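**Student:** Okay, here's the structure, questions in a sec.
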Amino acid sequence: MKTWKLVVFIGLVLVVFTGCSDVIEFTVTFDKQEGFDGTDSVKVAVGSAMPHALAPILAGFSFGGYYDAENGGGNQYYTASMASARSWDKTAATTLYAKWTNAYAINYDANGATGGTAPAVGTKLHDINYNISANTGNLVKTGYAFSGWNTQADGSGTDYATDDIYSANAASSLYAKWIATITFDDQSATTRVDPVFVTVLYTSESDTVASLPTPPHKIGASFGGWYTQTNGRGIEFNASTPVTGDITVYAKWKHTVTFDDREADTSVDPASKTVLYTTGTDTVGSLPTPPVKRGDTFGGWYTEVKGEGTEFNASTPLSGDITVYAKWIPDYVPGDTGPAGGIVFHDQGKYRDAWRFMEAAPSDITTEFDAKRPYLHIFGLYRTEPVGDNLAVGTGTEIGTGKANTEALVNAMGTTAYYVGDDSDVNTEYYAARTCSLYEYGVYDDWFLPSRDELNAMYENLHHREVPIGNFTDTYYWSSSEYPNAQGFGTSQFYVCIQSFQNGGIVMNPRQQSMLRVRPARVF
């Protein structure tokens, strides 16, 4: 019983297999329509691509493929190159007919013209050259110039001009080619623009020039771009500006005036102004609001730094780009009376560390240390006895360090400075630094003993001038600048910088000896 079932199953399989192997092919005969050579017929199954075959030939004609009706009618099954144009879809033997062409249509497309008509369709005969038509219908496009024909609408194909030869045995469409010309007017530049003309081929309403000429140069002005009107007016024209027709653009020439406020507290606004070049005698017209700088009065704009050179104002003719500088007139100069009633002797140029100017007390100050010599002061030591570990604390020497020196000295010595006198050693609260720190004048009590450089500034700017001012005496004055072991004078000696107001000499003096004059100073 099992054997019988197996035999039946195998038989069924064989029957099915044998049935699927039958593929029906149909004969396709080629009617060459007076042509010769080439393949005569092929066989093809339904749904298959047309098999390989050779094209016929016919003198004076172009083969256009095989169709299922005469003269290129019906469905095309082979292309002109005998490639399959359509899968076989007929269930009977069939004849296909050759298509022969000996005349080709040349179509002319106006390609966006705004007026006129395209030439009539031309006919190109097989193997006979065809002359391209002129613009016989007077095609025009607003803003553009007609520039012949092209095989592509965007002008990327082959160009043809009037009477050019078209020799291909094939139909074609030719598109009007439209050109916009950009004229660059450099407005009498010294170095002229090159090129003057740039053409743009029309492809769409968003065509651009892509790149601009190298900017021209003009003596006395700087180039500011291209504009649609003269003197930098109208709309700026650049490489991304849409071109919609012929256009002339004009160089913008300008002067840039830059205002340098020289570190003003309120910056100048605007910091620069642009002036269009028109005649060569252009002016800025108006100046910015004057900047403000604490400690100075604004004195105008000048052509050189520090307010030097020639004054620049709203009517100064411009001959090119220029930077002008604020002139600052200090509120105080050496010799002026300061806010405390002292005498100004230094200006550091701007406010730093909450001050800018220094003033000296109007006269040397007195002390109660020695009634016989009220103007002479000791410098003092830091202990009631001279010990070896007394360190220098008034170490600043530069301008701006006298106040810190004085505070350090007073903190170190307090009210009992040690002094080695002529006859005996004494302690006293009346020493140079403390006397200056306690000094009050003009309701101000922020005076100090000047540092070495501050004392020298007093000498140079007040006393050492053609007519000395400040009521100084031609003698030595204490500074607040100390030097440990100065000039190798000994390991236990500490020295102070003092200055002669007779000859300006600066020397070192032991701090525990000598009585000298002092002149307080203050900053503001």
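Naming scheme: A, B, ... for chains in displayed order of the structure tokens; residues 1 onward per chain; ligands 1 onward as shown.
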Which residues are close to Asn238 of chain A, i.e. within 10 Å by only C-alpha atoms, leaving aside same-chain residues fewer than 5 positions away? Reply as a count of residues only.
**Tutor:** 9
**Student:** Near Gly47 of chain A, counting only C-alpha atoms, which residues have an atom at most 7 Å away, once you skip same-chain residues fewer than 3 positions from it, shown as an mmCIF file with N, CA and C atoms, in the first residue's frame?
**Tutor:**
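And here's selection-v4.cif as it stands now:
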```cif
data_model
loop_
_atom_site.group_PDB
_atom_site.id
_atom_site.type_symbol
_atom_site.label_atom_id
_atom_site.label_comp_id
_atom_site.auth_asym_id
_atom_site.auth_seq_id
_atom_site.Cartn_x
_atom_site.Cartn_y
_atom_site.Cartn_z
ATOM 1 N N SER A 87 8.179 45.619 -24.047
ATOM 2 C CA SER A 87 8.105 44.161 -23.889
ATOM 3 C C SER A 87 7.033 43.602 -24.833
ATOM 4 N N TRP A 88 7.295 42.376 -25.300
ATOM 5 C CA TRP A 88 6.345 41.769 -26.266
ATOM 6 C C TRP A 88 5.031 41.467 -25.560
ATOM 7 N N ASP A 89 3.926 41.910 -26.192
ATOM 8 C CA ASP A 89 2.615 41.774 -25.561
ATOM 9 C C ASP A 89 1.549 41.228 -26.509
#
```
**Student:** From segment 59-139 of chain A, collect each residue whose DSSP state is strand (DSSP E or B) and return the set as a ChimeraX atom specification.
**Tutor:** /A:62-69,73-78,84,94-101,103-109,115,122-125,130-131
**Student:** Go ahead and write the residues just picked, C-alpha atoms, as a PDB file, in the first residue's frame.
**Tutor:**
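Output file selection22.pdb follows:
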```pdb
ATOM      1  CA  SER A  62      17.251  57.738 -41.072  1.00  0.00           C
ATOM      2  CA  PHE A  63      15.961  54.585 -39.457  1.00  0.00           C
ATOM      3  CA  GLY A  64      13.560  55.413 -36.624  1.00  0.00           C
ATOM      4  CA  GLY A  65      12.833  51.970 -35.158  1.00  0.00           C
ATOM      5  CA  TYR A  66      10.146  49.284 -35.664  1.00  0.00           C
ATOM      6  CA  TYR A  67       6.438  49.856 -35.012  1.00  0.00           C
ATOM      7  CA  ASP A  68       3.360  47.642 -35.224  1.00  0.00           C
ATOM      8  CA  ALA A  69       1.847  49.970 -37.847  1.00  0.00           C
ATOM      9  CA  GLY A  73       2.137  54.323 -36.260  1.00  0.00           C
ATOM     10  CA  GLY A  74       0.936  52.259 -33.326  1.00  0.00           C
ATOM     11  CA  ASN A  75       3.315  51.043 -30.641  1.00  0.00           C
ATOM     12  CA  GLN A  76       7.104  51.170 -30.945  1.00  0.00           C
ATOM     13  CA  TYR A  77       8.947  47.941 -30.160  1.00  0.00           C
ATOM     14  CA  TYR A  78      12.477  48.807 -31.295  1.00  0.00           C
ATOM     15  CA  SER A  84      13.995  47.088 -26.894  1.00  0.00           C
ATOM     16  CA  THR A  94       3.195  39.741 -35.914  1.00  0.00           C
ATOM     17  CA  THR A  95       4.827  41.999 -38.484  1.00  0.00           C
ATOM     18  CA  LEU A  96       6.656  45.151 -37.349  1.00  0.00           C
ATOM     19  CA  TYR A  97       7.256  48.012 -39.796  1.00  0.00           C
ATOM     20  CA  ALA A  98      10.399  50.092 -40.210  1.00  0.00           C
ATOM     21  CA  LYS A  99      10.053  53.848 -39.779  1.00  0.00           C
ATOM     22  CA  TRP A 100      12.091  55.948 -42.201  1.00  0.00           C
ATOM     23  CA  THR A 101      12.639  59.685 -41.942  1.00  0.00           C
ATOM     24  CA  ALA A 103      13.163  65.324 -42.980  1.00  0.00           C
ATOM     25  CA  TYR A 104      13.646  66.607 -39.412  1.00  0.00           C
ATOM     26  CA  ALA A 105      11.789  69.364 -37.613  1.00  0.00           C
ATOM     27  CA  ILE A 106      13.813  72.233 -36.156  1.00  0.00           C
ATOM     28  CA  ASN A 107      11.646  73.974 -33.558  1.00  0.00           C
ATOM     29  CA  TYR A 108      12.388  77.475 -32.244  1.00  0.00           C
ATOM     30  CA  ASP A 109      11.409  78.324 -28.644  1.00  0.00           C
ATOM     31  CA  GLY A 115       7.445  90.204 -27.259  1.00  0.00           C
ATOM     32  CA  GLY A 122      12.365  74.572 -39.946  1.00  0.00           C
ATOM     33  CA  THR A 123      12.931  71.365 -41.915  1.00  0.00           C
ATOM     34  CA  LYS A 124      16.295  69.688 -42.063  1.00  0.00           C
ATOM     35  CA  LEU A 125      16.576  67.112 -44.880  1.00  0.00           C
ATOM     36  CA  TYR A 130      20.444  73.214 -42.492  1.00  0.00           C
ATOM     37  CA  ASN A 131      21.085  76.929 -41.883  1.00  0.00           C
TER      38      ASN A 131
END
```
**Student:** Name all residues at most 8 Å from Gln152 of chain A (count only C-alpha atoms; drop same-chain ones fewer than 6 positions away) and give them as number ranges by chain.
**Tutor:** A: 158, 174-175
**Student:** Out of A:Thr316, A:Asn71, A:Thr289, A:Thr323, which residue has the shortest atom-to-atom distance to Ser272 of chain A when counting only C-alpha atoms?
**Tutor:**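 Looking only at the distances to Ser272 of chain A, the closest residue turns out to be A:Thr323.
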**Student:** What does the structure give for the distance between atom CA of Pro213 of chain A and atom CA of Thr256 of chain A, in Å to one decimal?
**Tutor:**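 Taking atom CA of Pro213 of chain A and atom CA of Thr256 of chain A, their separation equals 22.7 Å.
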**Student:** Segment 203-405 of chain A: which residues are alpha helix (DSSP H) by DSSP, as a PyMOL selection string?
**Tutor:** chain A and resi 402-405
**Student:** Rank A:Thr248, A:Asn461, A:Ser363, A:Ser156 by their smallest atom-to-atom distance to Asp347 of chain A, using only C-alpha atoms, and report the top residue only.
**Tutor:**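 Closest residue, counting only C-alpha atoms: A:Asn461.
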**Student:** Would you work out the distance separating atom CA of Val257 of chain A from atom CA of Lys327 of chain A, expressed in Å to one decimal?
**Tutor:** 16.0 Å
**Student:** Report the distance between atom CA of Glu466 of chain A and atom CA of Ser500 of chain A in Å, rounded to one decimal place.
**Tutor:** 17.4 Å
**Student:** Please provide the set of residues having any atom within 12 Å of segment 370-378 of chain A, restricted to only C-alpha atoms, with same-chain residues fewer than 4 positions apart removed, written as a PyMOL selection string.
**Tutor:** chain A and resi 363-366+416-421+426-436+449+472-473+475-480+496+509-519
**Student:** Just to be explicit: take each residue in the selection above, keep N, CA and C atoms, and write the result as a CSV table (one decimal), in the first residue's frame.
**Tutor:**
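Saved to out-v3.csv:
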```csv
chain,number,residue,atom,x,y,z
A,363,SER,N,53.4,124.5,52.2
A,363,SER,CA,54.7,124.8,52.9
A,363,SER,C,55.2,123.7,53.7
A,364,ASP,N,56.5,123.7,54.1
A,364,ASP,CA,57.0,122.7,55.0
A,364,ASP,C,56.2,122.7,56.3
A,365,ILE,N,56.1,121.6,57.0
A,365,ILE,CA,55.3,121.6,58.2
A,365,ILE,C,56.3,121.5,59.4
A,366,THR,N,55.8,122.0,60.6
A,366,THR,CA,56.6,122.0,61.8
A,366,THR,C,56.3,120.9,62.7
A,416,THR,N,56.0,105.9,69.4
A,416,THR,CA,57.3,105.9,70.1
A,416,THR,C,58.4,105.5,69.1
A,417,ALA,N,58.8,106.5,68.3
A,417,ALA,CA,60.0,106.3,67.4
A,417,ALA,C,61.3,106.5,68.2
A,418,TYR,N,62.2,105.7,67.9
A,418,TYR,CA,63.5,105.8,68.6
A,418,TYR,C,64.4,106.7,67.7
A,419,TYR,N,65.2,107.5,68.4
A,419,TYR,CA,66.1,108.4,67.7
A,419,TYR,C,67.4,108.5,68.4
A,420,VAL,N,68.5,108.5,67.7
A,420,VAL,CA,69.9,108.7,68.3
A,420,VAL,C,70.2,110.2,68.1
A,421,GLY,N,70.2,111.0,69.1
A,421,GLY,CA,70.4,112.4,69.0
A,421,GLY,C,71.8,112.8,69.1
A,426,VAL,N,66.6,109.2,72.4
A,426,VAL,CA,65.3,109.5,72.9
A,426,VAL,C,64.2,108.8,72.1
A,427,ASN,N,63.0,108.7,72.7
A,427,ASN,CA,61.8,108.2,72.1
A,427,ASN,C,60.9,109.4,71.8
A,428,THR,N,60.2,109.4,70.7
A,428,THR,CA,59.3,110.5,70.4
A,428,THR,C,58.1,110.1,69.5
A,429,GLU,N,57.0,110.7,69.6
A,429,GLU,CA,55.9,110.5,68.7
A,429,GLU,C,56.0,111.4,67.5
A,430,TYR,N,56.9,112.4,67.5
A,430,TYR,CA,57.0,113.4,66.5
A,430,TYR,C,58.1,112.9,65.5
A,431,TYR,N,57.7,112.1,64.5
A,431,TYR,CA,58.6,111.7,63.5
A,431,TYR,C,58.0,111.9,62.1
A,432,ALA,N,58.8,111.9,61.1
A,432,ALA,CA,58.3,112.4,59.8
A,432,ALA,C,57.0,111.8,59.3
A,433,ALA,N,57.0,110.5,59.2
A,433,ALA,CA,55.8,109.8,58.7
A,433,ALA,C,54.5,110.1,59.5
A,434,ARG,N,54.6,110.1,60.8
A,434,ARG,CA,53.4,110.3,61.7
A,434,ARG,C,53.0,111.8,61.6
A,435,THR,N,54.0,112.7,61.6
A,435,THR,CA,53.6,114.1,61.5
A,435,THR,C,52.8,114.4,60.2
A,436,CYS,N,53.3,113.7,59.1
A,436,CYS,CA,52.5,113.9,57.8
A,436,CYS,C,51.2,113.3,57.9
A,449,LEU,N,53.8,111.1,53.8
A,449,LEU,CA,55.2,111.4,53.5
A,449,LEU,C,55.5,110.8,52.1
A,472,PHE,N,59.8,125.9,48.9
A,472,PHE,CA,60.8,124.9,49.3
A,472,PHE,C,62.1,125.6,49.8
A,473,THR,N,62.8,125.0,50.6
A,473,THR,CA,64.1,125.5,51.1
A,473,THR,C,65.2,124.7,50.4
A,475,THR,N,67.5,122.7,50.9
A,475,THR,CA,68.1,121.8,51.8
A,475,THR,C,67.6,120.4,51.6
A,476,TYR,N,67.9,119.4,52.5
A,476,TYR,CA,67.4,118.0,52.3
A,476,TYR,C,66.0,117.8,52.9
A,477,TYR,N,65.3,116.9,52.2
A,477,TYR,CA,63.9,116.5,52.6
A,477,TYR,C,63.9,115.0,52.7
A,478,TRP,N,63.1,114.6,53.7
A,478,TRP,CA,62.9,113.1,53.9
A,478,TRP,C,61.9,112.6,52.8
A,479,SER,N,62.2,111.4,52.4
A,479,SER,CA,61.1,110.6,51.6
A,479,SER,C,60.7,109.5,52.5
A,480,SER,N,59.7,108.7,52.1
A,480,SER,CA,59.3,107.5,52.9
A,480,SER,C,59.9,106.2,52.4
A,496,VAL,N,67.4,105.7,54.5
A,496,VAL,CA,66.3,106.3,53.9
A,496,VAL,C,66.7,107.2,52.8
A,509,ASN,N,70.5,108.0,53.6
A,509,ASN,CA,70.9,108.6,54.9
A,509,ASN,C,70.4,107.6,56.0
A,510,PRO,N,71.2,107.4,57.1
A,510,PRO,CA,70.8,106.5,58.1
A,510,PRO,C,69.5,107.0,58.7
A,511,ARG,N,68.6,106.1,59.0
A,511,ARG,CA,67.2,106.5,59.4
A,511,ARG,C,67.2,106.9,60.9
A,512,GLN,N,68.2,106.4,61.7
A,512,GLN,CA,68.1,106.8,63.1
A,512,GLN,C,68.8,108.1,63.5
A,513,GLN,N,69.4,108.7,62.5
A,513,GLN,CA,70.0,110.0,62.7
A,513,GLN,C,69.5,111.1,61.7
A,514,SER,N,69.9,112.3,62.0
A,514,SER,CA,69.6,113.4,61.1
A,514,SER,C,68.2,113.9,61.4
A,515,MET,N,68.1,115.2,61.2
A,515,MET,CA,66.8,115.9,61.3
A,515,MET,C,66.6,116.7,60.0
A,516,LEU,N,65.6,116.4,59.3
A,516,LEU,CA,65.4,117.0,58.0
A,516,LEU,C,64.0,117.6,57.8
A,517,ARG,N,63.8,118.3,56.8
A,517,ARG,CA,62.5,118.9,56.5
A,517,ARG,C,61.5,117.9,55.8
A,518,VAL,N,60.2,118.1,55.9
A,518,VAL,CA,59.3,117.2,55.3
A,518,VAL,C,58.2,118.1,54.6
A,519,ARG,N,57.7,117.5,53.5
A,519,ARG,CA,56.6,118.2,52.8
A,519,ARG,C,55.5,117.2,52.5
```
**Student:** Smallest atom-to-atom distance to Gly470 of chain A: which of A:Glu359, A:Val410, A:Asp446, A:Gly504, using only C-alpha atoms?
**Tutor:**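 Looking only at the distances to Gly470 of chain A, the closest residue turns out to be A:Glu359.
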**Student:** Which residues are close to Pro195 of chain A, i.e. within 12 Å by only C-alpha atoms, leaving aside same-chain residues fewer than 6 positions away? Reply as a list in words.
**Tutor:**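 Listing them by chain and then by number gives Thr181, Ile182, Thr183, Phe184, Asp185, Asp186, Ser211, Leu212, Pro213, Thr214, Pro215 and Pro216 of chain A.
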